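This is structure.pdb. It holds PDB, C-alpha atoms.
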```pdb
ATOM      1  CA  MET A   1      61.510 108.511  85.970
ATOM      2  CA  SER A   2      61.978 111.820  87.756
ATOM      3  CA  GLN A   3      62.629 114.929  85.693
ATOM      4  CA  TYR A   4      64.614 118.100  86.287
ATOM      5  CA  PRO A   5      64.632 119.844  88.736
ATOM      6  CA  ALA A   6      63.550 116.985  91.006
ATOM      7  CA  LEU A   7      66.325 114.969  89.412
ATOM      8  CA  ARG A   8      69.689 116.720  89.282
ATOM      9  CA  LEU A   9      72.459 114.272  88.349
ATOM     10  CA  ARG A  10      75.074 116.828  89.363
ATOM     11  CA  ARG A  11      74.034 116.539  93.022
ATOM     12  CA  THR A  12      76.125 113.404  93.550
ATOM     13  CA  ARG A  13      79.080 114.981  91.740
ATOM     14  CA  ALA A  14      79.170 118.166  93.797
ATOM     15  CA  ALA A  15      81.665 116.988  96.466
ATOM     16  CA  ALA A  16      84.724 114.760  96.355
ATOM     17  CA  TRP A  17      83.433 112.426  99.098
ATOM     18  CA  SER A  18      80.203 111.929  97.168
ATOM     19  CA  ARG A  19      82.008 111.243  93.907
ATOM     20  CA  ARG A  20      84.031 108.552  95.682
ATOM     21  CA  MET A  21      80.915 107.049  97.213
ATOM     22  CA  HIS A  22      79.067 106.876  93.889
ATOM     23  CA  ALA A  23      81.978 105.611  91.796
ATOM     24  CA  GLU A  24      80.805 102.647  89.728
ATOM     25  CA  THR A  25      84.308 101.395  88.926
ATOM     26  CA  VAL A  26      87.098 100.933  91.440
ATOM     27  CA  LEU A  27      90.782 100.808  90.549
ATOM     28  CA  THR A  28      93.409  99.617  93.045
ATOM     29  CA  PRO A  29      97.087  98.560  92.841
ATOM     30  CA  ALA A  30      95.855  94.953  92.931
ATOM     31  CA  ASP A  31      94.497  95.502  89.416
ATOM     32  CA  LEU A  32      97.993  96.037  88.005
ATOM     33  CA  ILE A  33     100.632  93.757  86.509
ATOM     34  CA  TRP A  34     104.022  95.395  86.022
ATOM     35  CA  PRO A  35     105.950  94.310  82.895
ATOM     36  CA  MET A  36     109.730  94.267  83.366
ATOM     37  CA  PHE A  37     112.680  93.668  81.053
ATOM     38  CA  VAL A  38     115.606  91.592  82.249
ATOM     39  CA  THR A  39     119.075  91.605  80.727
ATOM     40  CA  GLU A  40     122.510  90.152  81.385
ATOM     41  CA  GLY A  41     124.940  92.140  83.501
ATOM     42  CA  GLU A  42     124.480  94.398  86.464
ATOM     43  CA  GLU A  43     123.894  97.782  84.886
ATOM     44  CA  GLU A  44     120.549  99.460  84.372
ATOM     45  CA  GLU A  45     119.930  99.991  80.654
ATOM     46  CA  PRO A  46     117.416 102.790  79.939
ATOM     47  CA  ILE A  47     115.249 102.097  76.887
ATOM     48  CA  ALA A  48     115.201 105.165  74.645
ATOM     49  CA  ALA A  49     111.891 104.237  73.017
ATOM     50  CA  LEU A  50     110.257 103.851  76.450
ATOM     51  CA  PRO A  51     111.195 106.924  78.525
ATOM     52  CA  GLY A  52     111.349 105.984  82.195
ATOM     53  CA  VAL A  53     111.578 102.218  81.509
ATOM     54  CA  SER A  54     114.823 100.226  81.733
ATOM     55  CA  ARG A  55     116.214  96.767  81.279
ATOM     56  CA  TRP A  56     117.544  95.361  84.549
ATOM     57  CA  GLY A  57     120.149  92.802  85.488
ATOM     58  CA  LEU A  58     119.224  90.129  88.011
ATOM     59  CA  LYS A  59     119.951  92.260  91.077
ATOM     60  CA  GLY A  60     118.002  95.147  89.611
ATOM     61  CA  ILE A  61     115.023  92.998  88.654
ATOM     62  CA  VAL A  62     114.818  91.729  92.233
ATOM     63  CA  ALA A  63     114.845  95.306  93.501
ATOM     64  CA  GLN A  64     111.997  96.115  91.095
ATOM     65  CA  ALA A  65     110.016  93.148  92.390
ATOM     66  CA  ARG A  66     110.549  94.383  95.947
ATOM     67  CA  GLU A  67     109.212  97.763  94.865
ATOM     68  CA  ALA A  68     106.166  96.054  93.387
ATOM     69  CA  ARG A  69     105.518  94.400  96.751
ATOM     70  CA  ALA A  70     105.871  97.707  98.582
ATOM     71  CA  LEU A  71     103.420  99.373  96.187
ATOM     72  CA  GLY A  72     100.819  96.621  96.495
ATOM     73  CA  ILE A  73     101.258  95.405  92.898
ATOM     74  CA  PRO A  74     100.557  91.670  93.080
ATOM     75  CA  CYS A  75     102.321  90.415  89.957
ATOM     76  CA  VAL A  76     105.226  91.219  87.662
ATOM     77  CA  ALA A  77     105.605  90.103  84.041
ATOM     78  CA  LEU A  78     109.072  89.213  82.799
ATOM     79  CA  PHE A  79     110.497  89.651  79.303
ATOM     80  CA  PRO A  80     114.136  88.779  78.502
ATOM     81  CA  ASN A  81     116.594  90.610  76.269
ATOM     82  CA  THR A  82     118.451  87.497  75.168
ATOM     83  CA  PRO A  83     122.083  88.066  74.086
ATOM     84  CA  ALA A  84     122.488  87.973  70.308
ATOM     85  CA  ALA A  85     124.936  85.074  70.489
ATOM     86  CA  LEU A  86     122.243  82.873  72.053
ATOM     87  CA  ARG A  87     119.559  83.576  69.444
ATOM     88  CA  SER A  88     119.055  80.959  66.755
ATOM     89  CA  GLU A  89     116.717  79.982  63.950
ATOM     90  CA  ASP A  90     114.838  77.592  66.227
ATOM     91  CA  GLY A  91     114.999  79.663  69.443
ATOM     92  CA  ARG A  92     116.377  76.745  71.448
ATOM     93  CA  GLU A  93     117.660  79.003  74.222
ATOM     94  CA  ALA A  94     114.024  79.227  75.334
ATOM     95  CA  LEU A  95     114.338  75.621  76.534
ATOM     96  CA  ASN A  96     117.492  76.190  78.569
ATOM     97  CA  SER A  97     116.568  75.782  82.230
ATOM     98  CA  ASP A  98     119.362  78.204  83.133
ATOM     99  CA  ASN A  99     118.462  80.882  80.595
ATOM    100  CA  LEU A 100     118.019  84.528  81.537
ATOM    101  CA  MET A 101     114.279  84.188  82.108
ATOM    102  CA  CYS A 102     114.605  81.162  84.390
ATOM    103  CA  ARG A 103     117.372  82.751  86.434
ATOM    104  CA  ALA A 104     115.251  85.874  86.899
ATOM    105  CA  ILE A 105     112.282  83.767  88.011
ATOM    106  CA  ARG A 106     114.366  81.964  90.623
ATOM    107  CA  GLU A 107     115.986  85.150  91.918
ATOM    108  CA  ILE A 108     112.635  86.882  92.393
ATOM    109  CA  LYS A 109     110.987  83.834  93.942
ATOM    110  CA  ASN A 110     113.840  83.446  96.413
ATOM    111  CA  ALA A 111     113.781  87.116  97.412
ATOM    112  CA  VAL A 112     110.115  88.102  97.102
ATOM    113  CA  PRO A 113     108.048  84.898  97.098
ATOM    114  CA  GLU A 114     104.783  86.703  97.769
ATOM    115  CA  VAL A 115     104.914  88.515  94.405
ATOM    116  CA  GLY A 116     103.425  86.587  91.505
ATOM    117  CA  ILE A 117     105.479  86.032  88.360
ATOM    118  CA  LEU A 118     103.973  85.965  84.884
ATOM    119  CA  THR A 119     106.248  84.763  82.090
ATOM    120  CA  ASP A 120     106.012  85.231  78.360
ATOM    121  CA  VAL A 121     105.780  82.003  76.371
ATOM    122  CA  ALA A 122     106.961  82.848  72.858
ATOM    123  CA  LEU A 123     110.097  82.381  70.823
ATOM    124  CA  ASP A 124     110.651  85.901  69.464
ATOM    125  CA  PRO A 125     113.121  86.901  72.233
ATOM    126  CA  TYR A 126     115.167  83.817  71.312
ATOM    127  CA  THR A 127     115.008  83.585  67.506
ATOM    128  CA  SER A 128     117.497  85.148  65.144
ATOM    129  CA  HIS A 129     114.667  86.133  62.779
ATOM    130  CA  GLY A 130     112.407  87.813  65.343
ATOM    131  CA  HIS A 131     109.347  85.653  64.757
ATOM    132  CA  ASP A 132     107.380  83.919  67.502
ATOM    133  CA  GLY A 133     108.014  80.458  66.084
ATOM    134  CA  ILE A 134     109.802  78.182  63.649
ATOM    135  CA  VAL A 135     109.751  79.438  60.068
ATOM    136  CA  ASP A 136     109.924  77.395  56.863
ATOM    137  CA  ASP A 137     111.871  78.256  53.731
ATOM    138  CA  ASN A 138     109.096  80.607  52.637
ATOM    139  CA  GLY A 139     109.108  82.535  55.923
ATOM    140  CA  TYR A 140     105.842  80.987  57.132
ATOM    141  CA  VAL A 141     105.644  80.226  60.850
ATOM    142  CA  LEU A 142     104.949  76.522  61.323
ATOM    143  CA  ASN A 143     102.106  76.087  63.782
ATOM    144  CA  ASP A 144     102.525  72.568  65.142
ATOM    145  CA  ASP A 145     106.329  72.571  65.306
ATOM    146  CA  THR A 146     106.172  75.881  67.153
ATOM    147  CA  ALA A 147     103.445  74.714  69.534
ATOM    148  CA  ALA A 148     105.569  71.725  70.554
ATOM    149  CA  LEU A 149     108.494  74.002  71.446
ATOM    150  CA  LEU A 150     106.216  76.419  73.292
ATOM    151  CA  THR A 151     104.921  73.541  75.396
ATOM    152  CA  ASP A 152     108.459  72.670  76.439
ATOM    153  CA  GLN A 153     109.232  76.355  77.072
ATOM    154  CA  ALA A 154     106.197  76.735  79.345
ATOM    155  CA  LEU A 155     107.231  73.632  81.285
ATOM    156  CA  VAL A 156     110.778  74.963  81.760
ATOM    157  CA  GLN A 157     109.374  78.242  83.099
ATOM    158  CA  ALA A 158     106.942  76.473  85.432
ATOM    159  CA  GLU A 159     109.740  74.327  86.835
ATOM    160  CA  ALA A 160     111.779  77.480  87.475
ATOM    161  CA  GLY A 161     108.911  78.865  89.565
ATOM    162  CA  SER A 162     106.652  80.837  87.219
ATOM    163  CA  ASP A 163     103.158  81.283  88.622
ATOM    164  CA  ILE A 164     101.454  82.221  85.346
ATOM    165  CA  VAL A 165     102.638  81.166  81.908
ATOM    166  CA  ALA A 166     101.326  83.479  79.218
ATOM    167  CA  PRO A 167     101.572  82.195  75.645
ATOM    168  CA  SER A 168     101.761  85.276  73.415
ATOM    169  CA  ASP A 169     102.479  83.537  70.120
ATOM    170  CA  MET A 170      98.945  82.999  68.727
ATOM    171  CA  MET A 171      99.606  79.454  67.499
ATOM    172  CA  ASP A 172      96.514  77.264  67.222
ATOM    173  CA  GLY A 173      96.168  74.541  69.856
ATOM    174  CA  ARG A 174      99.059  75.517  72.094
ATOM    175  CA  ILE A 175      96.922  76.164  75.207
ATOM    176  CA  GLY A 176      95.679  72.578  75.300
ATOM    177  CA  LEU A 177      99.182  71.197  74.824
ATOM    178  CA  ILE A 178     100.596  73.396  77.576
ATOM    179  CA  ARG A 179      97.796  72.568  80.014
ATOM    180  CA  THR A 180      98.270  68.847  79.420
ATOM    181  CA  ALA A 181     102.020  69.126  79.987
ATOM    182  CA  LEU A 182     101.609  71.164  83.175
ATOM    183  CA  GLU A 183      99.139  68.664  84.604
ATOM    184  CA  ALA A 184     101.285  65.676  83.636
ATOM    185  CA  ASN A 185     104.295  67.184  85.388
ATOM    186  CA  GLY A 186     102.582  68.127  88.640
ATOM    187  CA  HIS A 187     102.165  71.857  87.989
ATOM    188  CA  HIS A 188      98.470  71.815  88.765
ATOM    189  CA  ASN A 189      98.355  75.344  90.157
ATOM    190  CA  VAL A 190     100.372  77.081  87.453
ATOM    191  CA  GLN A 191      97.950  79.377  85.693
ATOM    192  CA  ILE A 192      97.706  79.980  81.966
ATOM    193  CA  MET A 193      96.891  83.512  80.861
ATOM    194  CA  ALA A 194      96.328  83.161  77.147
ATOM    195  CA  TYR A 195      97.059  86.008  74.794
ATOM    196  CA  ALA A 196      93.791  85.008  73.175
ATOM    197  CA  ALA A 197      93.135  88.091  71.046
ATOM    198  CA  LYS A 198      96.517  89.496  70.085
ATOM    199  CA  TYR A 199      96.341  91.783  67.097
ATOM    200  CA  ALA A 200      98.930  92.487  64.399
ATOM    201  CA  SER A 201      99.383  96.006  65.663
ATOM    202  CA  GLY A 202     101.557  99.007  64.992
ATOM    203  CA  PHE A 203     101.788  99.680  68.737
ATOM    204  CA  TYR A 204     104.524  97.114  69.504
ATOM    205  CA  GLY A 205     107.594  98.961  68.223
ATOM    206  CA  PRO A 206     109.154 100.097  71.524
ATOM    207  CA  PHE A 207     108.714  96.601  72.993
ATOM    208  CA  ARG A 208     110.695  95.101  70.137
ATOM    209  CA  ASP A 209     113.461  97.563  70.905
ATOM    210  CA  ALA A 210     113.343  96.522  74.555
ATOM    211  CA  VAL A 211     113.787  92.794  73.842
ATOM    212  CA  GLY A 212     116.189  93.372  70.956
ATOM    213  CA  SER A 213     114.063  91.901  68.160
ATOM    214  CA  ARG A 214     113.052  94.923  66.070
ATOM    215  CA  GLY A 215     116.032  94.871  63.717
ATOM    216  CA  LEU A 216     115.832  91.085  63.408
ATOM    217  CA  LEU A 217     112.229  90.711  62.269
ATOM    218  CA  LYS A 218     111.928  89.510  58.687
ATOM    219  CA  GLY A 219     108.527  90.372  57.238
ATOM    220  CA  ASP A 220     105.567  90.780  59.578
ATOM    221  CA  LYS A 221     103.420  88.714  61.920
ATOM    222  CA  LYS A 222     100.102  88.950  60.092
ATOM    223  CA  THR A 223      99.869  85.219  59.393
ATOM    224  CA  TYR A 224      99.473  84.461  63.084
ATOM    225  CA  GLN A 225      98.479  87.650  64.908
ATOM    226  CA  MET A 226      94.925  88.858  64.360
ATOM    227  CA  ASP A 227      93.629  91.281  61.747
ATOM    228  CA  PRO A 228      92.600  94.556  63.468
ATOM    229  CA  ALA A 229      89.438  94.501  61.339
ATOM    230  CA  ASN A 230      88.101  91.381  63.069
ATOM    231  CA  ALA A 231      86.004  91.128  66.227
ATOM    232  CA  GLU A 232      83.984  87.938  65.811
ATOM    233  CA  GLU A 233      87.240  86.066  65.225
ATOM    234  CA  ALA A 234      88.464  87.286  68.612
ATOM    235  CA  LEU A 235      85.494  85.607  70.280
ATOM    236  CA  ARG A 236      86.314  82.347  68.507
ATOM    237  CA  GLU A 237      89.944  82.583  69.639
ATOM    238  CA  VAL A 238      88.892  83.197  73.239
ATOM    239  CA  ALA A 239      86.400  80.327  73.168
ATOM    240  CA  LEU A 240      89.080  77.917  71.961
ATOM    241  CA  ASP A 241      91.601  78.983  74.597
ATOM    242  CA  ILE A 242      89.080  78.672  77.417
ATOM    243  CA  ALA A 243      88.035  75.222  76.196
ATOM    244  CA  GLU A 244      91.688  74.143  76.105
ATOM    245  CA  GLY A 245      92.358  75.161  79.711
ATOM    246  CA  ALA A 246      93.179  78.868  79.948
ATOM    247  CA  ASP A 247      92.462  80.345  83.382
ATOM    248  CA  SER A 248      92.291  83.886  82.025
ATOM    249  CA  VAL A 249      92.545  85.597  78.665
ATOM    250  CA  MET A 250      94.222  88.731  77.397
ATOM    251  CA  VAL A 251      93.384  91.302  74.766
ATOM    252  CA  LYS A 252      96.389  93.075  73.241
ATOM    253  CA  PRO A 253      96.839  95.993  72.566
ATOM    254  CA  GLY A 254      94.566  97.756  75.022
ATOM    255  CA  LEU A 255      92.916 101.080  74.272
ATOM    256  CA  PRO A 256      92.299 100.513  70.542
ATOM    257  CA  TYR A 257      90.481  97.284  71.463
ATOM    258  CA  LEU A 258      88.206  98.277  74.346
ATOM    259  CA  ASP A 259      85.263  97.007  72.293
ATOM    260  CA  ILE A 260      86.885  93.557  72.158
ATOM    261  CA  ILE A 261      87.459  93.550  75.915
ATOM    262  CA  LEU A 262      83.803  94.369  76.529
ATOM    263  CA  ARG A 263      82.561  91.744  74.085
ATOM    264  CA  VAL A 264      84.816  89.054  75.537
ATOM    265  CA  LYS A 265      83.738  89.838  79.092
ATOM    266  CA  ASN A 266      80.046  89.838  78.213
ATOM    267  CA  ALA A 267      80.283  86.648  76.165
ATOM    268  CA  PHE A 268      82.355  84.489  78.499
ATOM    269  CA  GLU A 269      82.340  86.025  82.009
ATOM    270  CA  VAL A 270      85.944  84.927  82.571
ATOM    271  CA  PRO A 271      88.870  86.977  83.902
ATOM    272  CA  VAL A 272      89.939  89.289  81.073
ATOM    273  CA  PHE A 273      93.200  91.237  81.118
ATOM    274  CA  ALA A 274      94.454  93.943  78.803
ATOM    275  CA  TYR A 275      98.013  94.766  77.885
ATOM    276  CA  GLN A 276      98.536  98.517  77.652
ATOM    277  CA  VAL A 277     101.401  97.988  75.250
ATOM    278  CA  SER A 278     104.638  99.859  74.693
ATOM    279  CA  GLY A 279     103.284 102.114  71.966
ATOM    280  CA  GLU A 280     100.406 103.196  74.188
ATOM    281  CA  TYR A 281     102.831 103.977  76.997
ATOM    282  CA  ALA A 282     105.102 105.917  74.635
ATOM    283  CA  MET A 283     102.204 107.991  73.319
ATOM    284  CA  ILE A 284     101.167 109.027  76.826
ATOM    285  CA  GLU A 285     104.759 109.953  77.629
ATOM    286  CA  ALA A 286     105.076 111.925  74.396
ATOM    287  CA  ALA A 287     101.812 113.755  75.039
ATOM    288  CA  ALA A 288     102.913 114.662  78.558
ATOM    289  CA  ALA A 289     106.346 115.807  77.357
ATOM    290  CA  ALA A 290     104.722 117.996  74.699
ATOM    291  CA  GLY A 291     102.355 119.573  77.222
ATOM    292  CA  ALA A 292      99.355 118.066  75.444
ATOM    293  CA  GLY A 293      98.064 116.420  78.611
ATOM    294  CA  ASP A 294      98.833 115.787  82.253
ATOM    295  CA  ARG A 295     100.686 112.471  82.627
ATOM    296  CA  GLU A 296      99.008 111.415  85.858
ATOM    297  CA  THR A 297      95.532 112.227  84.582
ATOM    298  CA  LEU A 298      96.108 110.413  81.294
ATOM    299  CA  VAL A 299      97.473 107.331  83.053
ATOM    300  CA  MET A 300      94.629 107.018  85.531
ATOM    301  CA  GLU A 301      91.921 107.751  82.960
ATOM    302  CA  THR A 302      93.171 105.067  80.579
ATOM    303  CA  LEU A 303      93.493 102.489  83.350
ATOM    304  CA  MET A 304      89.968 103.271  84.519
ATOM    305  CA  ALA A 305      88.769 102.750  80.936
ATOM    306  CA  PHE A 306      90.137  99.196  81.004
ATOM    307  CA  LYS A 307      88.392  98.431  84.270
ATOM    308  CA  ARG A 308      85.154 100.003  83.065
ATOM    309  CA  ALA A 309      85.262  97.826  79.938
ATOM    310  CA  GLY A 310      85.442  94.706  82.113
ATOM    311  CA  CYS A 311      89.113  93.995  82.788
ATOM    312  CA  SER A 312      90.139  92.104  85.879
ATOM    313  CA  GLY A 313      93.556  93.699  85.543
ATOM    314  CA  VAL A 314      95.961  95.523  83.257
ATOM    315  CA  LEU A 315      99.570  94.973  82.271
ATOM    316  CA  THR A 316     101.047  98.458  82.142
ATOM    317  CA  TYR A 317     104.484 100.042  82.275
ATOM    318  CA  HIS A 318     102.835 102.829  84.251
ATOM    319  CA  ALA A 319     102.052 100.389  87.084
ATOM    320  CA  PRO A 320     104.430 101.923  89.676
ATOM    321  CA  LEU A 321     103.244 105.467  88.922
ATOM    322  CA  ALA A 322      99.593 104.426  89.081
ATOM    323  CA  ALA A 323     100.101 102.492  92.320
ATOM    324  CA  ARG A 324     101.776 105.507  93.943
ATOM    325  CA  LEU A 325      98.939 107.753  92.828
ATOM    326  CA  MET A 326      96.374 105.379  94.286
ATOM    327  CA  GLY A 327      98.270 105.260  97.552
ATOM    328  CA  ALA A 328      98.555 109.020  97.807
TER     329      ALA A 328
END
```

Encoded form (structure tokens):
Amino acid sequence: MSQYPALRLRRTRAAAWSRRMHAETVLTPADLIWPMFVTEGEEEEPIAALPGVSRWGLKGIVAQAREARALGIPCVALFPNTPAALRSEDGREALNSDNLMCRAIREIKNAVPEVGILTDVALDPYTSHGHDGIVDDNGYVLNDDTAALLTDQALVQAEAGSDIVAPSDMMDGRIGLIRTALEANGHHNVQIMAYAAKYASGFYGPFRDAVGSRGLLKGDKKTYQMDPANAEEALREVALDIAEGADSVMVKPGLPYLDIILRVKNAFEVPVFAYQVSGEYAMIEAAAAAGAGDRETLVMETLMAFKRAGCSGVLTYHAPLAARLMGA
């Protein structure tokens, strides 16, 4: 290998054109999925815990999807803020084919059919206790009873027009059940993006505010979401979901788990996505507001980190900002 001064690694970094030419990782708007919150009514509802992010009524959510198309963002992810009166112990509103989520899917598909729609398959936006499934008298989430409901929920979303169903609940066996149901009902091209390695994290707080479940949650989710101490277990979770029919897998949260993303990509060579979750977004916004860092630089650097670790794409609330920066 050449030595200094014959080898000067700074040569290729000396000019902007050369830095672009030698870039090992490329980030484009097509790498982004934009999470959006939908609510009843027509008014925009800013979310205090997520500065710059709002809940949108159906007309507003369609306008956001049109903006995604204009920015070159290929897919939006929908999360409903279900009215309190429709939440129940068993989350049955999730199975209503005319619920808020399904109406939002249909509105977007009718107006902007070329934008993909990813939908959350979980019961926490619909339960009165804030958990992702059915709980017993001891507060334990019942795996098989929950998985059966999630299968029906995924089918309802697919029939409404969802392109990607994304089970975020972490119940065992639900991917296989959902894949079987989709195939049996003719939804052969509906993708499953499995939240395969979803950790019991402290970074979810603002999201729970956004979907109205924070004050409802009784206890925690550590009996079904993963222990942050575990990495080998994540590989087992991913292997199971792939074997059961997942088309892609997700690691959540994002930045604290870059090592998991890299290990999953190297082990399985499947499409891996990261969710840059609400707490990560809020920290960047807080740092920028405090003058501790430049917002645009922080956003682009973190997104590049996901791509460098092996992500095919990233769910991020900064998607519209990042897309504009890439188009500048």

> For this file, the PyMOL selection byres ((chain A and resi 192-198) around 8) selects which residues, as an MDAnalysis selection string?
Replying inline: chainID A and resid 164:170 175 179 190:191 199:200 225:226 234 237:238 241 245:253

For C-alpha atoms, I'd like the residues from the last selection saved as a compact mmCIF listing (two decimals), in the frame of the given file.
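Below you can see selection_37.txt, which holds the result:
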```
# COMPACT_ATOMS: atom_id res chain seq x y z
CA ILE A 164 101.45 82.22 85.35
CA VAL A 165 102.64 81.17 81.91
CA ALA A 166 101.33 83.48 79.22
CA PRO A 167 101.57 82.20 75.64
CA SER A 168 101.76 85.28 73.42
CA ASP A 169 102.48 83.54 70.12
CA MET A 170 98.94 83.00 68.73
CA ILE A 175 96.92 76.16 75.21
CA ARG A 179 97.80 72.57 80.01
CA VAL A 190 100.37 77.08 87.45
CA GLN A 191 97.95 79.38 85.69
CA TYR A 199 96.34 91.78 67.10
CA ALA A 200 98.93 92.49 64.40
CA GLN A 225 98.48 87.65 64.91
CA MET A 226 94.92 88.86 64.36
CA ALA A 234 88.46 87.29 68.61
CA GLU A 237 89.94 82.58 69.64
CA VAL A 238 88.89 83.20 73.24
CA ASP A 241 91.60 78.98 74.60
CA GLY A 245 92.36 75.16 79.71
CA ALA A 246 93.18 78.87 79.95
CA ASP A 247 92.46 80.34 83.38
CA SER A 248 92.29 83.89 82.02
CA VAL A 249 92.54 85.60 78.67
CA MET A 250 94.22 88.73 77.40
CA VAL A 251 93.38 91.30 74.77
CA LYS A 252 96.39 93.08 73.24
CA PRO A 253 96.84 95.99 72.57
```

>> I'd like to know which of A:Ser312, A:Thr82, A:Thr12, A:Asn189 is closest to Ala30 of chain A, using all atoms listed in the file.
In response: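 Going through A:Ser312, A:Thr82, A:Thr12, A:Asn189 one by one, the smallest distance to Ala30 of chain A is for A:Ser312.
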
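Shortest separation to Leu142 of chain A among A:Arg103, A:Thr223, A:Pro320, A:Pro113 occurs at residue A:Thr223, atoms counted being all atoms listed in the file.
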
>> Once the PyMOL selection byres ((chain A and resi 92) around 10) is applied to the coordinates I shared, what remains selected? I want it as a PyMOL selection string.
In response: chain A and resi 86-91+93-96+123+126-127+149+153

>> For Trp34 of chain A, find every residue with an atom within 9 Å (counting all atoms listed in the file), except residues of its own chain fewer than 5 positions away, and show them as a list in words.
In response: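 Near neighbours after the sequence-gap exclusion: Ala68, Ile73, Pro74, Cys75, Val76, Ala77, Leu78, Val314, Leu315, Thr316, Tyr317, His318, Ala319 and Pro320 of chain A.
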
>> Which residues would end up in the selection if the PyMOL selection byres ((chain A and resi 208-216) around 10) were applied here, given that I need the answer as a ChimeraX atom specification?
In response: /A:36-39,45-50,53-55,79-84,124-131,204-207,217-219,278

Take the residues from that selection and put them in a file with C-alpha atoms, as a PDB file, in the coordinates of the input.
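Contents of selection32.pdb, freshly written:
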```pdb
ATOM      1  CA  MET A  36     109.730  94.267  83.366  1.00  0.00           C
ATOM      2  CA  PHE A  37     112.680  93.668  81.053  1.00  0.00           C
ATOM      3  CA  VAL A  38     115.606  91.592  82.249  1.00  0.00           C
ATOM      4  CA  THR A  39     119.075  91.605  80.727  1.00  0.00           C
ATOM      5  CA  GLU A  45     119.930  99.991  80.654  1.00  0.00           C
ATOM      6  CA  PRO A  46     117.416 102.790  79.939  1.00  0.00           C
ATOM      7  CA  ILE A  47     115.249 102.097  76.887  1.00  0.00           C
ATOM      8  CA  ALA A  48     115.201 105.165  74.645  1.00  0.00           C
ATOM      9  CA  ALA A  49     111.891 104.237  73.017  1.00  0.00           C
ATOM     10  CA  LEU A  50     110.257 103.851  76.450  1.00  0.00           C
ATOM     11  CA  VAL A  53     111.578 102.218  81.509  1.00  0.00           C
ATOM     12  CA  SER A  54     114.823 100.226  81.733  1.00  0.00           C
ATOM     13  CA  ARG A  55     116.214  96.767  81.279  1.00  0.00           C
ATOM     14  CA  PHE A  79     110.497  89.651  79.303  1.00  0.00           C
ATOM     15  CA  PRO A  80     114.136  88.779  78.502  1.00  0.00           C
ATOM     16  CA  ASN A  81     116.594  90.610  76.269  1.00  0.00           C
ATOM     17  CA  THR A  82     118.451  87.497  75.168  1.00  0.00           C
ATOM     18  CA  PRO A  83     122.083  88.066  74.086  1.00  0.00           C
ATOM     19  CA  ALA A  84     122.488  87.973  70.308  1.00  0.00           C
ATOM     20  CA  ASP A 124     110.651  85.901  69.464  1.00  0.00           C
ATOM     21  CA  PRO A 125     113.121  86.901  72.233  1.00  0.00           C
ATOM     22  CA  TYR A 126     115.167  83.817  71.312  1.00  0.00           C
ATOM     23  CA  THR A 127     115.008  83.585  67.506  1.00  0.00           C
ATOM     24  CA  SER A 128     117.497  85.148  65.144  1.00  0.00           C
ATOM     25  CA  HIS A 129     114.667  86.133  62.779  1.00  0.00           C
ATOM     26  CA  GLY A 130     112.407  87.813  65.343  1.00  0.00           C
ATOM     27  CA  HIS A 131     109.347  85.653  64.757  1.00  0.00           C
ATOM     28  CA  TYR A 204     104.524  97.114  69.504  1.00  0.00           C
ATOM     29  CA  GLY A 205     107.594  98.961  68.223  1.00  0.00           C
ATOM     30  CA  PRO A 206     109.154 100.097  71.524  1.00  0.00           C
ATOM     31  CA  PHE A 207     108.714  96.601  72.993  1.00  0.00           C
ATOM     32  CA  LEU A 217     112.229  90.711  62.269  1.00  0.00           C
ATOM     33  CA  LYS A 218     111.928  89.510  58.687  1.00  0.00           C
ATOM     34  CA  GLY A 219     108.527  90.372  57.238  1.00  0.00           C
ATOM     35  CA  SER A 278     104.638  99.859  74.693  1.00  0.00           C
TER      36      SER A 278
END
```

Got a minute to add N, CA and C atoms to segment 195-203 of chain A and dump it as a PDB file, in the frame of the given file?
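After the write, result.pdb holds the following:
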```
ATOM      1  N   TYR A 195      97.218  84.874  75.706  1.00  0.00           N
ATOM      2  CA  TYR A 195      97.059  86.008  74.794  1.00  0.00           C
ATOM      3  C   TYR A 195      96.080  85.520  73.720  1.00  0.00           C
ATOM      4  N   ALA A 196      94.807  85.627  74.019  1.00  0.00           N
ATOM      5  CA  ALA A 196      93.791  85.008  73.175  1.00  0.00           C
ATOM      6  C   ALA A 196      93.452  85.858  71.957  1.00  0.00           C
ATOM      7  N   ALA A 197      93.438  87.173  72.140  1.00  0.00           N
ATOM      8  CA  ALA A 197      93.135  88.091  71.046  1.00  0.00           C
ATOM      9  C   ALA A 197      94.286  89.085  70.950  1.00  0.00           C
ATOM     10  N   LYS A 198      95.339  88.650  70.273  1.00  0.00           N
ATOM     11  CA  LYS A 198      96.517  89.496  70.085  1.00  0.00           C
ATOM     12  C   LYS A 198      96.551  89.933  68.626  1.00  0.00           C
ATOM     13  N   TYR A 199      96.481  91.230  68.436  1.00  0.00           N
ATOM     14  CA  TYR A 199      96.341  91.783  67.097  1.00  0.00           C
ATOM     15  C   TYR A 199      97.684  92.143  66.478  1.00  0.00           C
ATOM     16  N   ALA A 200      97.755  92.051  65.158  1.00  0.00           N
ATOM     17  CA  ALA A 200      98.930  92.487  64.399  1.00  0.00           C
ATOM     18  C   ALA A 200      98.910  94.005  64.372  1.00  0.00           C
ATOM     19  N   SER A 201      99.549  94.586  65.366  1.00  0.00           N
ATOM     20  CA  SER A 201      99.383  96.006  65.663  1.00  0.00           C
ATOM     21  C   SER A 201     100.643  96.805  65.372  1.00  0.00           C
ATOM     22  N   GLY A 202     100.443  98.088  65.136  1.00  0.00           N
ATOM     23  CA  GLY A 202     101.557  99.007  64.992  1.00  0.00           C
ATOM     24  C   GLY A 202     102.039  99.584  66.301  1.00  0.00           C
ATOM     25  N   PHE A 203     101.463  99.123  67.429  1.00  0.00           N
ATOM     26  CA  PHE A 203     101.788  99.680  68.737  1.00  0.00           C
ATOM     27  C   PHE A 203     102.900  98.924  69.471  1.00  0.00           C
TER      28      PHE A 203
END
```
